[in-house]
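Engineer: Before I ask anything, here is the structure I am working with.
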Amino acid sequence: MAYSIKKAAVLGSGVMGSGIAAHLANIGIPTLLLDIAPKELTAEEQAKGLTLEHPVVRNRFAQGAMQKLLKQKPAPLSSKQNLALITPGNFEDDLEKLKDVDWIIEVVVENLAIKKSLYEKIDAVRTAGTIITSNTSGISINAMAEGRSEDFQKHFLGTHFFNPPRYLKLLEVIPANTTAPEVVAFMREFGEDVLGKGVVIAKDTPNFIANRIGTYGLLVTMREMQERGYSIGEVDSVTGPLIGRPKSATFRTLDVVGLDTFAHVAKNVYDNTTGEEQQVFAESAVVKKMIDNGWLGAKSGQGFFLKQGKEILELNLQTFEYESVKKLKTPSMEMAKQARGLANKVKTLVYANDRVGELLWNVFAPTLIYSAQLHGEIADDIVAIDNAMKWGFGWAQGPFEMWDAIGVKDSVAKMEAEGREVPAFVKGLLEKGFDTFYSEIDGDLAFYNGTEYEKVPTNPKVIDLKRYKKKHGVIKSNTGASLIDLGDGIALLEFHSQSNAIGLDIIQMLNFAIDEVEANYKGLVIGNQGKNFCVGANLGMILMEAQDDNIFELDFVVSAFQKAMRRIKYCTKPVVAAPFQMALGGGAEVCLPAAHIQASAETYMGLVEVGVGLIPGGGGNIGLYQKFLKGLPNGVEIDYQAIATKVFETIAMAKVSTSGEEARENNFLNFADGISVNADHQLYDAKQAALALYETGYTAPLKQKVKVVGAPGYATLLLGAQGMFQSGYISEHDLKIAKKLAYVIAGGLVPYGTEVTEEYLLNLEKEAFLQLVADPKSQMRMQHMLVKGKPLRN
């Protein structure tokens, strides 16, 4: 049968259950959120005269969880409006409603008996063909399926989300022995294409893939620290970004996860394994003592770290007192920082003959061996294991990629010299004359399957630009950007300057791209796969020119930027911008004139120039104003003052969206623009959008005059700013910036309703921008941002 999920139900409204419900609501799936009905009233409910039969009381847990979604940070909801898609209920009154949903997700307490009892009730009410999954982090999927109807068992499997569900990419899909293959295939595709996840198929083993290896690695690190006398801070100083791991490194990660949760996950493996492996997962005396003390980490206010005022302290495991954080500093760390690429950095550190090398080798070696021992047991291939660790734990390299980085041959020789037992899977690789787990076949990534190399299967919607360029080359490139032929008549302009900041090199490539596309292509996508889409113009260059009083040069740069943005807007072929993560300042200005924006679900977009003492200079002011106007239906009476005020507030307050959805609410996107839930599919989606525009007969917009609010509107815009200045909320320089911004948005001191050209507005913008750039106080703000990374209020 063909499956589709139009409506879902989440059973269990704890942090994880409500987070999954929020993620489903974010992608537009109406979701029932059910929990137990309370057995007694709260004092507040009694005071209101409510009874245990009142719906408000009976749905208290689910309703309370929904309210928490609005306050949690990071926000589980991409827009507060999405809460309307979640309906609260309880297991006693609302299980009948499960007959109307397509997917039931169980997220109740990790207790097999409780889960099985709930499944019995679900089995009695669900419609045949409804998919049922458990979000368990380690209970056997097969054990949970026992005793259920044949149709239930056929449609039952594990779907293990990682917390928080909105932000963490990994979804482990765990079939039971009875799960129909077509159900597994559907959930994999649905997980990737609709939920936007990185899906790995895991086997029904304790803690599945990521938690099994991740917990092992954390425990081995803790053992190493205690045996060799490292401090908590010293370990965290080398097990974070230096080796391609998250900033939270080892012990801050444990504090975030919660020591009680960590102990529970470890115990699950301990209870289900034997021998040496079991001993690694044995209860830690340190963790037990901390749990007994109530020091559970972030949730209890202290764990391995404690924040006192502005100072962060680390726990001394000998004295159990908190003290100043220590960090390791060795020559190998300095050498690693100079090395190019993560693989070379890690190799430098792991083989270093110092305390850092000793620590990392003694953590890496057992973790790599353990990962290889589990190959075939927890997953069918190394790709699933590597992806699980990258997507679930934020590792830049999975275990087998890491092994390739440090050299399989050299590391195995060292392991064996130390008496470590290297798994046959690894020795087999070397015996066949291979020396890496990953290779290439016809320019595509391939992996070692235990016998030979085979291509890594990929979703056709995933475009890996690094590999694509290696295989297909580029049309033209300079230091800031490259133009690439994406196939099917679509070209891609990729930024790759430092931080993807816009300078003359990018402007030059943008002009070349427009010329090339107008002559030879159907459309252009502006996108990349850097850390952020674009954090704005090259601020360092702007400040340097301003301090040298080189306003003529800056005038040239601003004019060139404005012209390039207009070329995007009036290109005869459709231009699609694909922003993701941070698209700030100039990054937002590149998107606003595009024929279509294909944003990522996690797009943080805003015109933030006031934070560095400036206003947008690349057409952002008029761009946002026109985006507002474009979003209005034809024939309605337009309140230009209301629109000018909204644009002024958005720019003056440097509002940045917290999601793609919120970027739409802030009018950086309109109703026709798209949002890609899976970031890996964004370039594919943008390419399809460009093709669709071309195929439906795209024509460039006509140049039209713009109606502005003029002198009376300027006075209105400034009222609020002057009030804030008089109340002491903003400085004199803030007011100066606000006046310049208001003047530009109002269109100068012309009569209300005057129609002006875009060129006129862009000249006003450029003039205001250059006046502010020359101001010493703005220059101080730019300097502060470049040095400290945060705004200065002067």
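How things are named: the first chain in the structure tokens is A, the next is B, and so on; residues count from 1 in each chain; ligands count from 1 in the order shown.
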Residues near stretch 460-471 of chain A, anyone? I mean within 12 Å using only C-alpha atoms, not counting same-chain ones fewer than 2 positions away, as a PyMOL selection string.
Structural biologist: chain A and resi 189+192-193+196+198+440-445+456-458+473-477+482-487+492-496+527-530+676+678-688
Engineer: Just to be explicit: take each residue in the selection above, keep N, CA and C atoms, and write the result as a CSV table (one decimal), in the first residue's frame.
Structural biologist:
chain,number,residue,atom,x,y,z
A,189,GLU,N,12.3,7.5,3.7
A,189,GLU,CA,12.1,8.6,2.7
A,189,GLU,C,11.4,9.8,3.4
A,192,GLU,N,13.7,11.8,5.7
A,192,GLU,CA,14.6,12.7,5.0
A,192,GLU,C,13.8,13.8,4.3
A,193,ASP,N,12.8,13.5,3.5
A,193,ASP,CA,12.2,14.5,2.6
A,193,ASP,C,11.2,15.4,3.4
A,196,GLY,N,13.0,16.2,7.3
A,196,GLY,CA,14.2,17.0,7.2
A,196,GLY,C,15.4,16.4,7.9
A,198,GLY,N,18.5,13.4,8.9
A,198,GLY,CA,19.5,12.5,8.4
A,198,GLY,C,19.1,11.2,9.0
A,440,GLU,N,36.9,6.3,-3.8
A,440,GLU,CA,36.0,6.9,-4.8
A,440,GLU,C,35.8,5.9,-6.0
A,441,ILE,N,34.6,5.9,-6.5
A,441,ILE,CA,34.3,5.1,-7.8
A,441,ILE,C,33.7,6.1,-8.7
A,442,ASP,N,34.4,6.3,-9.9
A,442,ASP,CA,33.9,7.3,-10.9
A,442,ASP,C,33.6,8.7,-10.3
A,443,GLY,N,34.4,9.1,-9.4
A,443,GLY,CA,34.3,10.4,-8.8
A,443,GLY,C,33.2,10.5,-7.6
A,444,ASP,N,32.6,9.4,-7.4
A,444,ASP,CA,31.6,9.3,-6.3
A,444,ASP,C,32.2,8.7,-5.1
A,445,LEU,N,31.7,9.1,-3.9
A,445,LEU,CA,32.2,8.5,-2.6
A,445,LEU,C,31.8,7.0,-2.5
A,456,VAL,N,28.5,4.9,-2.0
A,456,VAL,CA,27.6,5.3,-0.9
A,456,VAL,C,26.3,5.7,-1.6
A,457,PRO,N,25.2,5.0,-1.2
A,457,PRO,CA,23.9,5.4,-1.8
A,457,PRO,C,23.5,6.8,-1.3
A,458,THR,N,23.0,7.6,-2.3
A,458,THR,CA,22.7,9.0,-1.9
A,458,THR,C,21.3,9.3,-2.4
A,473,GLY,N,34.0,20.2,-12.2
A,473,GLY,CA,34.7,21.4,-12.4
A,473,GLY,C,33.9,22.7,-12.2
A,474,VAL,N,34.4,23.8,-12.5
A,474,VAL,CA,33.7,25.1,-12.4
A,474,VAL,C,33.8,25.9,-13.7
A,475,ILE,N,32.8,26.8,-13.9
A,475,ILE,CA,32.9,27.6,-15.1
A,475,ILE,C,33.9,28.7,-14.9
A,476,LYS,N,33.9,29.3,-13.8
A,476,LYS,CA,34.9,30.4,-13.5
A,476,LYS,C,35.0,30.6,-12.0
A,477,SER,N,36.1,31.0,-11.5
A,477,SER,CA,36.3,31.1,-10.0
A,477,SER,C,37.3,32.2,-9.7
A,482,SER,N,32.6,31.1,-6.9
A,482,SER,CA,32.8,30.3,-8.1
A,482,SER,C,31.4,30.2,-8.8
A,483,LEU,N,31.4,30.1,-10.1
A,483,LEU,CA,30.2,29.8,-10.9
A,483,LEU,C,30.3,28.4,-11.4
A,484,ILE,N,29.2,27.6,-11.1
A,484,ILE,CA,29.2,26.2,-11.3
A,484,ILE,C,28.0,25.8,-12.2
A,485,ASP,N,28.2,24.9,-13.1
A,485,ASP,CA,27.1,24.4,-13.9
A,485,ASP,C,26.4,23.3,-13.1
A,486,LEU,N,25.2,23.5,-12.7
A,486,LEU,CA,24.4,22.5,-11.9
A,486,LEU,C,23.7,21.5,-12.7
A,487,GLY,N,23.8,21.7,-14.0
A,487,GLY,CA,23.0,20.8,-14.9
A,487,GLY,C,21.6,21.3,-15.2
A,492,LEU,N,25.0,27.8,-10.7
A,492,LEU,CA,25.1,28.2,-9.2
A,492,LEU,C,26.2,29.1,-9.0
A,493,LEU,N,25.9,30.2,-8.3
A,493,LEU,CA,27.0,31.1,-7.8
A,493,LEU,C,27.3,30.7,-6.3
A,494,GLU,N,28.5,30.2,-6.1
A,494,GLU,CA,28.8,29.8,-4.7
A,494,GLU,C,29.8,30.8,-4.1
A,495,PHE,N,29.4,31.4,-2.9
A,495,PHE,CA,30.4,32.2,-2.2
A,495,PHE,C,31.4,31.3,-1.4
A,496,HIS,N,32.6,31.7,-1.4
A,496,HIS,CA,33.6,31.0,-0.5
A,496,HIS,C,34.7,31.9,0.0
A,527,GLY,N,23.8,30.2,-3.8
A,527,GLY,CA,23.8,29.4,-2.6
A,527,GLY,C,25.2,28.8,-2.4
A,528,ASN,N,25.4,28.3,-1.2
A,528,ASN,CA,26.7,27.6,-0.9
A,528,ASN,C,26.5,26.6,0.3
A,529,GLN,N,27.5,26.0,0.7
A,529,GLN,CA,27.4,25.0,1.8
A,529,GLN,C,28.5,25.3,2.9
A,530,GLY,N,28.7,26.7,3.1
A,530,GLY,CA,29.6,27.1,4.2
A,530,GLY,C,28.9,27.0,5.5
A,676,SER,N,13.0,25.0,2.8
A,676,SER,CA,13.5,23.6,2.7
A,676,SER,C,13.7,23.1,4.1
A,678,ASN,N,14.8,20.0,4.9
A,678,ASN,CA,16.1,19.3,5.0
A,678,ASN,C,17.1,20.2,4.3
A,679,ALA,N,18.1,20.7,5.1
A,679,ALA,CA,19.1,21.6,4.6
A,679,ALA,C,19.9,21.0,3.5
A,680,ASP,N,20.1,19.6,3.5
A,680,ASP,CA,20.8,18.9,2.5
A,680,ASP,C,20.1,19.0,1.1
A,681,HIS,N,18.8,19.3,1.1
A,681,HIS,CA,18.0,19.3,-0.1
A,681,HIS,C,17.8,20.7,-0.7
A,682,GLN,N,18.4,21.7,0.1
A,682,GLN,CA,18.1,23.1,-0.3
A,682,GLN,C,18.5,23.5,-1.7
A,683,LEU,N,19.7,23.1,-2.1
A,683,LEU,CA,20.2,23.5,-3.4
A,683,LEU,C,19.4,22.8,-4.5
A,684,TYR,N,19.0,21.6,-4.2
A,684,TYR,CA,18.2,20.9,-5.2
A,684,TYR,C,16.8,21.6,-5.3
A,685,ASP,N,16.2,22.0,-4.2
A,685,ASP,CA,14.9,22.7,-4.2
A,685,ASP,C,15.1,24.0,-4.9
A,686,ALA,N,16.2,24.7,-4.7
A,686,ALA,CA,16.4,26.0,-5.3
A,686,ALA,C,16.5,25.9,-6.8
A,687,LYS,N,17.2,24.8,-7.2
A,687,LYS,CA,17.4,24.5,-8.6
A,687,LYS,C,16.0,24.2,-9.3
A,688,GLN,N,15.2,23.4,-8.6
A,688,GLN,CA,13.9,23.1,-9.1
A,688,GLN,C,13.0,24.4,-9.2
Engineer: If you count only C-alpha atoms, which residues fall within 12 Å of A:Pro38, apart from same-chain ones fewer than 6 positions away, as a list of chain:residue names?
Structural biologist: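 After dropping sequence-adjacent residues, the list is A:Glu45, A:Thr51, A:Leu52, A:Glu53, A:His54, A:Pro55, A:Val56, A:Val57, A:Arg58, A:Asn59, A:Arg60, A:Phe61, A:Ala62, A:Gly89, A:Asn90, A:Phe91, A:Glu92.
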Engineer: Show which residues sit within 10 Å of A:Ser117, as an NGL selection string. Count only C-alpha atoms, and ignore same-chain residues fewer than 5 positions away.
Structural biologist: :A and (112 or 122 or 144)
Engineer: Write a file of the selected residues as a CSV table (one decimal), in the first residue's frame, keeping all heavy atoms.
Structural biologist:
chain,number,residue,atom,x,y,z
A,112,LEU,N,9.4,-1.1,29.7
A,112,LEU,CA,8.8,-2.0,28.8
A,112,LEU,C,7.4,-2.4,29.1
A,112,LEU,O,6.5,-2.4,28.2
A,112,LEU,CB,9.7,-3.3,28.7
A,112,LEU,CG,9.2,-4.4,27.7
A,112,LEU,CD1,9.1,-3.8,26.3
A,112,LEU,CD2,10.1,-5.6,27.7
A,122,ILE,N,-3.7,0.8,22.1
A,122,ILE,CA,-3.6,1.4,20.8
A,122,ILE,C,-4.1,0.4,19.7
A,122,ILE,O,-4.8,0.8,18.8
A,122,ILE,CB,-2.1,1.8,20.5
A,122,ILE,CG1,-1.6,3.0,21.4
A,122,ILE,CG2,-1.9,2.2,19.0
A,122,ILE,CD1,-0.1,3.2,21.3
A,144,MET,N,9.0,-5.0,22.4
A,144,MET,CA,7.8,-4.2,22.5
A,144,MET,C,6.7,-4.7,21.5
A,144,MET,O,5.6,-4.5,21.8
A,144,MET,CB,8.2,-2.7,22.1
A,144,MET,CG,9.0,-2.0,23.3
A,144,MET,SD,9.0,-0.2,23.0
A,144,MET,CE,10.4,-0.1,21.9
Engineer: Have a look at atom CA of A:Ile737 and atom CA of A:Met541 and let me know their distance in Å, one decimal.
Structural biologist: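 Going from atom CA of A:Ile737 over to atom CA of A:Met541 covers 20.9 Å.
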Engineer: For each of A:Met544, A:Leu719, A:Val265, A:Ile526, take the minimum atom-to-atom distance to A:Glu649, counting only C-alpha atoms, then give the residue where this is smallest.
Structural biologist: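 Result for the nearest residue to A:Glu649: A:Leu719.
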